[in-house]
>>> print(open('target22.txt').read())   # compact mmCIF, C-alpha atoms
# COMPACT_ATOMS: atom_id res chain seq x y z
CA MET H 1 0.00 0.00 0.00
CA ARG H 2 2.72 2.40 1.07
CA GLN H 3 4.96 1.33 -1.86
CA ASP H 4 2.10 1.82 -4.33
CA SER H 5 1.52 5.27 -2.94
CA LEU H 6 5.22 6.12 -3.22
CA ARG H 7 5.36 4.84 -6.83
CA CYS H 8 2.33 6.91 -7.69
CA SER H 9 3.86 10.04 -6.16
CA LEU H 10 7.15 9.49 -7.98
CA GLY H 11 5.23 8.99 -11.24
CA VAL H 12 3.39 12.27 -10.76
CA VAL H 13 6.65 14.10 -10.02
CA MET H 14 8.37 12.60 -13.10
CA VAL H 15 5.48 13.53 -15.38
CA ALA H 16 5.44 17.00 -13.90
CA LEU H 17 9.19 17.41 -14.43
CA LEU H 18 8.96 16.11 -17.99
CA PHE H 19 6.11 18.53 -18.72
CA ALA H 20 7.94 21.42 -17.13
CA ASN H 21 11.06 20.62 -19.15
CA THR H 22 9.11 20.42 -22.41
CA VAL H 23 7.37 23.71 -21.71
CA THR H 24 10.64 25.42 -20.83
CA GLN H 25 12.30 24.18 -24.02
CA ALA H 26 9.32 25.21 -26.13
CA MET H 27 9.38 28.69 -24.62
CA ALA H 28 13.14 28.97 -24.88
CA ALA H 29 13.02 28.32 -28.63
CA ASP H 30 11.19 31.63 -29.14
CA GLU H 31 13.16 33.67 -26.67
CA PRO H 32 15.85 36.10 -27.66
CA VAL H 33 19.33 35.03 -26.63
CA ILE H 34 21.92 37.67 -25.89
CA ARG H 35 25.54 36.60 -25.77
CA ILE H 36 27.88 38.56 -23.51
CA THR H 37 31.59 38.13 -22.94
CA ALA H 38 33.43 39.14 -19.79
CA ARG H 39 37.10 39.94 -19.50
CA LYS H 40 39.26 42.36 -17.55
CA PHE H 41 37.67 44.87 -17.13
CA GLU H 42 34.68 44.95 -19.41
CA PHE H 43 31.53 43.25 -20.50
CA SER H 44 30.85 43.18 -24.21
CA PRO H 45 28.33 44.43 -25.02
CA HIS H 46 28.09 46.64 -21.96
CA THR H 47 24.73 48.15 -22.84
CA LEU H 48 21.64 46.00 -23.34
CA THR H 49 18.09 46.98 -24.21
CA LEU H 50 15.19 44.65 -23.44
CA LYS H 51 11.43 44.81 -23.58
CA LYS H 52 9.40 44.61 -20.43
CA GLY H 53 7.51 41.35 -20.07
CA VAL H 54 9.46 39.51 -22.76
CA PRO H 55 11.54 36.59 -21.45
CA VAL H 56 15.19 36.64 -22.44
CA VAL H 57 18.19 34.37 -22.11
CA LEU H 58 21.60 35.86 -21.35
CA GLU H 59 24.56 33.66 -22.23
CA VAL H 60 27.63 35.02 -20.48
CA THR H 61 31.15 33.70 -20.97
CA ALA H 62 34.34 34.71 -19.18
CA LEU H 63 37.32 34.86 -21.52
CA ASP H 64 40.34 35.33 -19.28
CA ARG H 65 39.67 34.48 -15.63
CA VAL H 66 36.86 34.00 -13.14
CA HIS H 67 34.49 36.95 -13.07
CA GLY H 68 31.03 37.43 -11.67
CA PHE H 69 27.82 38.60 -13.30
CA ASN H 70 25.41 40.37 -10.99
CA LEU H 71 22.19 42.09 -12.00
CA PRO H 72 20.75 42.64 -8.53
CA ASP H 73 17.53 44.35 -9.59
CA PHE H 74 16.40 41.10 -11.21
CA GLY H 75 18.03 38.68 -8.78
CA VAL H 76 20.43 37.43 -11.43
CA ARG H 77 23.97 36.46 -10.44
CA SER H 78 26.56 33.78 -10.94
CA ASP H 79 30.28 33.23 -11.01
CA LEU H 80 31.61 33.05 -14.57
CA VAL H 81 34.15 30.30 -15.12
CA PRO H 82 36.32 30.60 -18.26
CA GLY H 83 35.32 28.16 -20.97
CA LYS H 84 31.83 27.64 -19.56
CA VAL H 85 28.73 29.41 -20.82
CA THR H 86 26.50 30.60 -17.99
CA ARG H 87 22.84 31.04 -18.94
CA PHE H 88 20.36 33.27 -17.19
CA ARG H 89 16.71 33.21 -18.15
CA PHE H 90 14.52 35.94 -16.77
CA THR H 91 11.66 38.22 -17.66
CA PRO H 92 12.22 41.93 -17.05
CA ASP H 93 9.18 43.01 -15.08
CA LYS H 94 9.98 46.69 -14.68
CA THR H 95 11.23 49.50 -16.88
CA GLY H 96 14.27 51.68 -16.29
CA GLU H 97 18.07 51.49 -16.30
CA PHE H 98 19.69 48.79 -14.23
CA VAL H 99 23.36 48.19 -13.52
CA PHE H 100 25.02 44.82 -13.98
CA PHE H 101 28.58 44.35 -12.79
CA CYS H 102 31.38 41.94 -12.00
CA ASP H 103 31.19 40.97 -8.34
CA VAL H 104 34.28 38.77 -8.19
CA PHE H 105 37.26 41.03 -7.56
CA CYS H 106 39.46 40.76 -10.64
CA GLY H 107 42.12 43.47 -10.28
CA ASP H 108 42.84 47.13 -10.80
CA GLY H 109 39.88 48.17 -12.93
CA HIS H 110 37.43 45.76 -11.31
CA GLU H 111 35.33 48.66 -10.07
CA GLU H 112 34.82 49.85 -13.65
CA MET H 113 33.63 46.47 -14.91
CA SER H 114 29.94 47.12 -15.27
CA GLY H 115 27.20 47.68 -17.81
CA VAL H 116 23.69 49.04 -18.07
CA LEU H 117 20.51 47.18 -18.95
CA THR H 118 17.70 49.37 -20.23
CA VAL H 119 14.20 47.92 -20.07
CA LYS H 120 11.52 49.65 -22.13
CA ASP H 121 7.76 49.22 -22.42
CA MET D 1 35.24 79.18 16.31
CA ASP D 2 33.29 77.35 18.99
CA ASN D 3 30.49 75.22 17.63
CA LYS D 4 30.22 73.04 20.68
CA ILE D 5 26.55 73.85 21.26
CA ASP D 6 25.69 73.07 17.68
CA ARG D 7 27.57 69.84 17.94
CA ARG D 8 25.64 68.80 21.04
CA GLN D 9 22.35 69.66 19.36
CA PHE D 10 23.39 67.64 16.35
CA LEU D 11 24.23 64.70 18.56
CA LYS D 12 20.77 64.76 20.08
CA LEU D 13 19.15 64.88 16.68
CA THR D 14 20.93 61.89 15.21
CA GLY D 15 18.76 59.45 17.16
CA LEU D 16 20.89 56.38 16.62
CA GLY D 17 20.63 54.92 20.09
CA GLY D 18 23.97 54.65 21.82
CA VAL D 19 25.90 56.33 19.05
CA VAL D 20 26.37 60.00 18.37
CA PHE D 21 28.32 61.85 15.76
CA ALA D 22 30.35 64.99 15.70
CA SER D 23 31.92 66.79 12.81
CA GLY D 24 35.07 68.88 12.90
CA LEU D 25 37.56 69.32 15.65
CA SER D 26 35.68 71.57 18.03
CA GLY D 27 34.83 69.82 21.25
CA TRP D 28 36.83 66.82 20.21
CA ALA D 29 39.87 67.61 22.37
CA ASN D 30 37.76 67.23 25.51
CA ALA D 31 36.56 63.87 24.37
CA ALA D 32 40.11 62.72 23.83
CA LYS D 33 41.01 63.42 27.43
CA LYS D 34 38.91 60.55 28.64
CA SER D 35 41.17 57.73 29.64
CA GLY D 36 39.59 56.09 32.66
CA GLN D 37 39.03 52.40 33.00
CA ASP D 38 35.54 52.65 31.51
CA GLU D 39 36.40 55.15 28.81
CA PHE D 40 38.90 55.24 26.01
CA TYR D 41 39.18 56.34 22.45
CA PHE D 42 40.60 54.88 19.31
CA VAL D 43 41.28 56.19 15.82
CA GLN D 44 39.95 54.58 12.66
CA LEU D 45 41.89 55.07 9.44
CA SER D 46 40.55 53.49 6.28
CA ASP D 47 41.12 52.91 2.61
CA THR D 48 44.57 54.40 2.35
CA HIS D 49 45.22 52.65 -1.00
CA TRP D 50 48.97 53.04 -0.80
CA GLY D 51 50.34 52.84 -4.35
CA PHE D 52 47.33 54.49 -5.98
CA ASN D 53 48.14 56.89 -8.78
CA GLY D 54 45.41 59.21 -10.03
CA PRO D 55 46.29 62.91 -10.09
CA LYS D 56 42.76 63.94 -11.03
CA VAL D 57 41.33 62.56 -7.79
CA ASN D 58 44.33 62.94 -5.49
CA PRO D 59 47.43 64.75 -6.78
CA ASP D 60 48.97 64.37 -3.32
CA ALA D 61 48.54 60.58 -3.07
CA ALA D 62 52.20 60.04 -2.24
CA ASN D 63 51.88 62.19 0.88
CA THR D 64 48.33 61.65 2.12
CA LEU D 65 49.07 58.63 4.31
CA LYS D 66 52.14 60.35 5.76
CA LYS D 67 50.06 63.43 6.56
CA ALA D 68 47.41 61.27 8.23
CA VAL D 69 50.06 59.58 10.37
CA ALA D 70 51.42 63.00 11.35
CA ALA D 71 47.89 64.19 12.15
CA VAL D 72 47.29 61.21 14.46
CA ASN D 73 50.65 61.80 16.14
CA ALA D 74 49.71 65.44 16.65
CA LEU D 75 46.52 64.62 18.57
CA GLU D 76 46.48 66.20 21.99
CA GLN D 77 46.29 62.81 23.62
CA ALA D 78 47.36 59.59 21.97
CA PRO D 79 44.52 57.18 21.26
CA ASP D 80 44.53 53.80 23.00
CA PHE D 81 44.94 52.22 19.59
CA VAL D 82 44.65 52.87 15.88
CA VAL D 83 42.80 50.56 13.52
CA PHE D 84 43.09 50.44 9.74
CA THR D 85 39.87 49.06 8.28
CA GLY D 86 41.20 47.72 5.00
CA ASP D 87 42.48 48.65 1.57
CA LEU D 88 45.83 49.53 3.07
CA THR D 89 47.30 49.20 -0.40
CA HIS D 90 45.97 49.68 -3.90
CA THR D 91 45.63 46.43 -5.80
CA THR D 92 48.08 45.18 -8.38
CA ASP D 93 48.33 41.95 -10.39
CA ASP D 94 52.04 41.80 -9.64
CA PRO D 95 52.69 39.84 -6.42
CA LYS D 96 56.11 41.49 -6.01
CA LEU D 97 54.69 44.97 -6.31
CA ARG D 98 51.86 44.04 -3.93
CA ARG D 99 54.43 43.07 -1.31
CA ALA D 100 56.52 46.16 -2.01
CA ARG D 101 53.47 48.35 -1.41
CA MET D 102 52.68 46.49 1.81
CA ALA D 103 56.26 46.92 2.99
CA GLU D 104 56.14 50.66 2.22
CA PHE D 105 52.80 51.01 3.95
CA ARG D 106 54.11 49.20 7.01
CA ASP D 107 57.18 51.45 7.11
CA ILE D 108 55.10 54.63 6.90
CA VAL D 109 52.63 53.64 9.61
CA SER D 110 55.45 52.47 11.86
CA ALA D 111 55.90 56.20 12.55
CA LEU D 112 52.61 56.17 14.49
CA LYS D 113 53.37 56.91 18.11
CA THR D 114 50.35 54.92 19.26
CA LYS D 115 51.38 51.79 21.14
CA GLU D 116 48.87 49.52 19.49
CA VAL D 117 47.97 49.42 15.81
CA ARG D 118 45.43 46.93 14.45
CA PHE D 119 45.21 46.02 10.80
CA MET D 120 42.62 44.45 8.60
CA ALA D 121 42.46 43.72 4.91
CA GLY D 122 40.41 45.20 2.10
CA GLU D 123 39.69 43.59 -1.24
CA HIS D 124 42.55 45.56 -2.80
CA ASP D 125 44.96 43.91 -0.34
CA ALA D 126 43.62 40.40 -0.26
CA SER D 127 41.17 39.41 -2.98
CA LEU D 128 43.64 38.51 -5.72
CA ASP D 129 45.68 36.08 -3.62
CA ARG D 130 43.14 35.23 -0.91
CA GLY D 131 45.11 37.22 1.61
CA GLU D 132 48.44 35.44 1.19
CA ALA D 133 50.64 38.54 0.99
CA TYR D 134 48.55 40.41 3.55
CA GLN D 135 49.05 37.68 6.14
CA GLU D 136 52.81 37.73 5.59
CA PHE D 137 52.88 41.38 6.58
CA PHE D 138 49.95 41.96 8.91
CA GLY D 139 48.87 38.63 10.36
CA LYS D 140 45.46 37.05 10.63
CA LEU D 141 42.55 38.06 8.46
CA HIS D 142 39.95 37.58 11.18
CA TYR D 143 40.56 37.75 14.89
CA THR D 144 39.31 39.20 18.15
CA PHE D 145 40.80 41.38 20.83
CA ASP D 146 39.51 42.91 24.01
CA HIS D 147 40.11 46.42 25.23
CA LYS D 148 38.92 47.80 28.55
CA GLY D 149 35.84 45.61 28.56
CA VAL D 150 34.89 45.97 24.89
CA HIS D 151 35.07 42.86 22.76
CA PHE D 152 36.35 43.67 19.25
CA ILE D 153 35.68 41.23 16.43
CA VAL D 154 37.54 41.68 13.13
CA LEU D 155 35.66 40.04 10.26
CA ASP D 156 37.17 39.30 6.87
CA ASN D 157 34.78 39.80 3.95
CA VAL D 158 37.48 40.40 1.35
CA SER D 159 39.90 37.47 1.05
CA ASP D 160 37.13 35.64 -0.78
CA PRO D 161 37.07 37.54 -4.09
CA GLY D 162 33.30 37.05 -4.13
CA ALA D 163 32.94 39.07 -0.91
CA SER D 164 31.69 36.30 1.35
CA LEU D 165 32.59 35.67 4.96
CA GLY D 166 32.19 31.96 4.33
CA GLU D 167 30.79 29.17 6.45
CA ALA D 168 33.99 28.55 8.39
CA GLN D 169 34.28 32.15 9.53
CA LEU D 170 30.58 32.32 10.39
CA ALA D 171 31.00 29.18 12.53
CA TRP D 172 34.01 30.82 14.19
CA LEU D 173 31.94 33.95 14.86
CA LYS D 174 29.11 31.90 16.33
CA GLN D 175 31.55 30.12 18.62
CA ASP D 176 33.19 33.38 19.70
CA LEU D 177 29.85 35.01 20.49
CA LYS D 178 28.78 32.05 22.64
CA GLN D 179 31.13 33.16 25.40
CA MET D 180 29.70 36.70 25.49
CA ARG D 181 27.01 38.02 27.78
CA ARG D 182 23.98 39.24 25.87
CA ASP D 183 24.62 42.77 27.12
CA ALA D 184 28.39 42.77 26.53
CA PRO D 185 29.75 45.73 24.55
CA ILE D 186 30.80 44.35 21.17
CA VAL D 187 32.43 46.23 18.31
CA VAL D 188 32.73 44.61 14.90
CA LEU D 189 35.43 45.90 12.55
CA THR D 190 35.16 44.94 8.93
CA HIS D 191 35.89 46.30 5.48
CA ARG D 192 32.72 45.98 3.43
CA PRO D 193 29.28 46.80 4.77
CA LEU D 194 27.72 43.71 6.31
CA PHE D 195 24.30 44.86 5.13
CA ASP D 196 23.10 45.54 1.58
CA LEU D 197 24.00 49.21 1.43
CA TYR D 198 23.90 49.39 -2.36
CA PRO D 199 24.40 46.01 -4.05
CA GLN D 200 24.34 47.69 -7.49
CA TRP D 201 27.78 49.09 -6.64
CA ASP D 202 28.91 45.93 -4.89
CA TRP D 203 28.53 47.66 -1.53
CA ALA D 204 27.49 44.59 0.36
CA THR D 205 28.76 41.31 1.81
CA ARG D 206 27.21 38.33 0.10
CA ASP D 207 26.48 36.47 3.35
CA GLY D 208 26.60 39.52 5.63
CA ALA D 209 22.99 38.91 6.70
CA ALA D 210 24.12 35.67 8.36
CA ALA D 211 26.68 37.57 10.46
CA ILE D 212 24.09 40.18 11.43
CA ALA D 213 21.69 37.39 12.43
CA LEU D 214 24.37 35.94 14.73
CA LEU D 215 25.02 39.37 16.27
CA MET D 216 21.36 40.32 16.63
CA PRO D 217 20.74 38.64 20.03
CA TYR D 218 23.46 40.84 21.55
CA LYS D 219 22.16 44.15 22.83
CA ASN D 220 25.24 46.32 22.39
CA VAL D 221 26.79 45.77 18.98
CA THR D 222 28.31 48.49 16.82
CA VAL D 223 30.02 48.02 13.46
CA PHE D 224 32.78 50.20 12.02
CA TYR D 225 33.78 49.63 8.43
CA GLY D 226 35.34 51.25 5.34
CA HIS D 227 35.15 50.41 1.62
CA ILE D 228 32.68 53.09 0.54
CA HIS D 229 35.06 56.06 1.01
CA GLN D 230 32.62 58.28 2.86
CA GLU D 231 30.99 58.74 6.21
CA HIS D 232 27.76 56.78 6.38
CA HIS D 233 25.50 55.66 9.21
CA HIS D 234 22.87 52.97 9.12
CA LYS D 235 21.02 50.66 11.47
CA THR D 236 19.95 47.05 11.04
CA GLY D 237 17.60 46.59 13.97
CA HIS D 238 19.48 47.86 17.01
CA ILE D 239 22.93 47.36 15.40
CA ALA D 240 24.56 50.58 14.16
CA HIS D 241 26.95 50.52 11.18
CA HIS D 242 29.36 53.41 10.61
CA ALA D 243 31.41 53.75 7.43
CA ALA D 244 34.57 55.87 7.52
CA GLN D 245 36.00 58.31 5.03
CA SER D 246 38.91 57.22 2.88
CA LEU D 247 42.44 58.54 3.01
CA ILE D 248 42.84 58.63 -0.75
CA PHE D 249 39.65 59.87 -2.49
CA PRO D 250 35.93 60.16 -1.77
CA LEU D 251 33.23 58.24 -3.62
CA PRO D 252 29.71 59.50 -4.37
CA ALA D 253 26.78 58.77 -2.08
CA PRO D 254 25.20 55.37 -2.75
CA GLY D 255 23.15 55.46 -5.95
CA SER D 256 23.43 59.24 -6.27
CA VAL D 257 24.99 59.04 -9.74
CA PRO D 258 24.81 56.39 -12.47
CA LYS D 259 28.42 55.28 -12.07
CA ARG D 260 30.50 54.69 -8.97
CA ALA D 261 33.56 56.80 -9.76
CA ALA D 262 35.99 58.69 -7.54
CA LEU D 263 35.04 62.31 -6.98
CA PRO D 264 37.50 64.70 -8.61
CA TRP D 265 39.99 66.69 -6.54
CA ASP D 266 38.84 70.23 -5.92
CA PRO D 267 41.87 72.59 -5.96
CA ASP D 268 39.81 75.17 -4.06
CA GLN D 269 39.05 72.64 -1.34
CA PRO D 270 41.95 70.19 -1.30
CA TYR D 271 41.36 67.05 0.77
CA LYS D 272 37.62 67.60 0.76
CA GLY D 273 35.93 64.29 1.64
CA ILE D 274 39.22 62.75 2.80
CA GLY D 275 39.85 62.13 6.47
CA PHE D 276 39.79 59.82 9.45
CA ARG D 277 37.86 59.55 12.68
CA SER D 278 38.16 59.21 16.39
CA VAL D 279 35.79 57.00 18.32
CA GLU D 280 35.31 57.68 21.98
CA ALA D 281 33.98 54.66 23.86
CA ASP D 282 31.98 54.85 27.04
CA VAL D 283 32.18 51.20 28.00
CA LYS D 284 29.59 51.23 30.76
CA ASP D 285 26.84 52.51 28.49
CA ALA D 286 28.23 50.94 25.28
CA TYR D 287 28.14 54.47 23.92
CA TYR D 288 30.36 55.61 21.05
CA LYS D 289 31.01 59.20 20.12
CA ILE D 290 32.40 59.67 16.64
CA ALA D 291 34.33 62.68 15.42
CA GLU D 292 35.33 63.04 11.78
CA LEU D 293 38.76 64.62 11.44
CA PRO D 294 40.38 66.20 8.39
CA VAL D 295 43.81 65.61 6.92
CA PRO D 296 45.82 68.85 7.25
CA LYS D 297 46.36 70.49 3.90
CA GLY D 298 49.90 71.65 4.57
>>> encode(input="target22.txt", output="structure tokens")
Amino acid sequence: MRQDSLRCSLGVVMVALLFANTVTQAMAADEPVIRITARKFEFSPHTLTLKKGVPVVLEVTALDRVHGFNLPDFGVRSDLVPGKVTRFRFTPDKTGEFVFFCDVFCGDGHEEMSGVLTVKD
Amino acid sequence: MDNKIDRRQFLKLTGLGGVVFASGLSGWANAAKKSGQDEFYFVQLSDTHWGFNGPKVNPDAANTLKKAVAAVNALEQAPDFVVFTGDLTHTTDDPKLRRARMAEFRDIVSALKTKEVRFMAGEHDASLDRGEAYQEFFGKLHYTFDHKGVHFIVLDNVSDPGASLGEAQLAWLKQDLKQMRRDAPIVVLTHRPLFDLYPQWDWATRDGAAAIALLMPYKNVTVFYGHIHQEHHHKTGHIAHHAAQSLIFPLPAPGSVPKRAALPWDPDQPYKGIGFRSVEADVKDAYYKIAELPVPKG
């Protein structure tokens, strides 16, 4: 009885995960992807413009050493390891200009390593 | 000029519990005379960035630290101790140059007449090599000391280049605090703000909230820090946080301009926004009186 119940629960979870994965992939296919590179002491591009309410994927790659990518107004952050693409998917839900920056200290010039995301209606 | 009355009025208006502020030198000399068992004062110097070169923001960078040392030595009464709250040196990728700057810094501050000098690291000193060179010159990155009944805790939120205290240090803090009475006077010295002052400019400690949560049960906790190159006062619950001015260049107020960039040197007001502070401690009442002091122009 207990095993049956457990199997049933696991089945529901697996179906749910499969469904969620399919939905995510289907949505991702239509989403704009913006590729950004990070190296001492700049992001390229360092200005981005997005549309409010439209999901986007950022693919960020460090070229020279470990950096960080932090966009605090949208709760987006990760370490960037060279040779590995880090993907962020989010939907800008407010308009304005928002700073993103490197938050892993990377040397003289670290403080200047930032960019601006503009979100428009 | 005697602005003592104004200063007192200002102190009353600040409303930050056991902490009051004073600006300028007037009235400060009296404070410095306190040296009983329950009273003492210390000097906080911060963000000296020895090795920095940027004539547009500080054309006198090669002399600023020396002038600050002379200013501390010229105080009417020597402080019980001096503490440097990080960024002693300006960062460099070259490990040899980093050590050379640390050696020069150490030589310059060895002229301080104060018996006791405490050091702590900033990200410019310690983030590129996880504090290796810093420890060779200045010792431990986090430690405690006690002075006339006040328990000082030095926290390191810079040797991790991602600005975290880390689980090990948080466990160490928890263990250290266990021995303290809930009403014990505790002063935390650190480089970055422990709270999210302005994360958009990286003015935060990634896991600083965990340290504040550990400190919160203690009634008398005050934090002194640097990093943001300006005087700033904030409270998280009953815990007061006081940022010090830099001894190299000032930075703009949090979020006041689009970009965090050093404020330019004003030839008409040299050393504006650059300075250090004295902190007068009344141990019995866990009461700290802060005076911001300028670097002499001459």
>>> residues_around(input="target22.txt", residues="D:Lys219", least_positions_apart="5", cutoff="8 Å", atoms="all atoms listed in the file", output="PyMOL selection string")
chain D and resi 182-185+238
>>> interface_residues(input="target22.txt", of="chain H", to="chain D", cutoff="7 Å", atoms="all atoms listed in the file", output="list of chain:residue names")
H:Pro72, H:Val99, H:Asp103, H:Val104, H:Phe105, H:Cys106, H:Gly107, H:Asp108
>>> write_last_selection(input="target22.txt", atoms="C-alpha atoms", output="PDB file, in the coordinates of the input")
ATOM      1  CA  PRO H  72      20.750  42.640  -8.530  1.00  0.00           C
ATOM      2  CA  VAL H  99      23.360  48.190 -13.520  1.00  0.00           C
ATOM      3  CA  ASP H 103      31.190  40.970  -8.340  1.00  0.00           C
ATOM      4  CA  VAL H 104      34.280  38.770  -8.190  1.00  0.00           C
ATOM      5  CA  PHE H 105      37.260  41.030  -7.560  1.00  0.00           C
ATOM      6  CA  CYS H 106      39.460  40.760 -10.640  1.00  0.00           C
ATOM      7  CA  GLY H 107      42.120  43.470 -10.280  1.00  0.00           C
ATOM      8  CA  ASP H 108      42.840  47.130 -10.800  1.00  0.00           C
TER       9      ASP H 108
END
>>> residues_around(input="target22.txt", residues="D:Ile212", least_positions_apart="3", cutoff="12 Å", atoms="only C-alpha atoms", output="ChimeraX atom specification")
/D:155,165,170,173-174,177,188,193-196,205-209,215-218,221-223,235-241
>>> atom_distance(input="target22.txt", atom1="atom CA of D:Asp176", atom2="atom CA of D:Lys284")
21.3 Å
>>> atom_distance(input="target22.txt", atom1="atom CA of D:Asp87", atom2="atom CA of H:Val81")
26.2 Å
>>> closest_residue(input="target22.txt", among="H:Phe101, H:Val57, H:Asp64, H:Val116", to="H:Ser78", atoms="all atoms listed in the file")
H:Phe101
>>> closest_residue(input="target22.txt", among="H:Val119, H:Ala38, H:Val85, H:Leu80", to="H:Lys52", atoms="only C-alpha atoms")
H:Val119
>>> axis_aligned_box(input="target22.txt", around="stretch 283-286 of chain D", padding_each_side="8 Å", output="lines of an AutoDock Vina configuration file")
center_x = 29.5
center_y = 51.7
center_z = 28.0
size_x = 21.3
size_y = 17.6
size_z = 21.5
>>> residues_near_point(input="target22.txt", point="(43.5, 58.2, -6.8)", cutoff="9 Å", atoms="only C-alpha atoms", output="list in words")
His49, Phe52, Asn53, Gly54, Pro55, Lys56, Val57, Asn58, Pro59, Asp60, Ala61, Ile248, Phe249 and Ala262 of chain D
>>> atom_distance(input="target22.txt", atom1="atom CA of H:Val60", atom2="atom CA of D:Arg192")
26.8 Å
>>> residues_around(input="target22.txt", residues="stretch 68-70 of chain D", least_positions_apart="2", cutoff="6 Å", atoms="only C-alpha atoms", output="NGL selection string")
:D and (65-66 or 72-73 or 112 or 295)
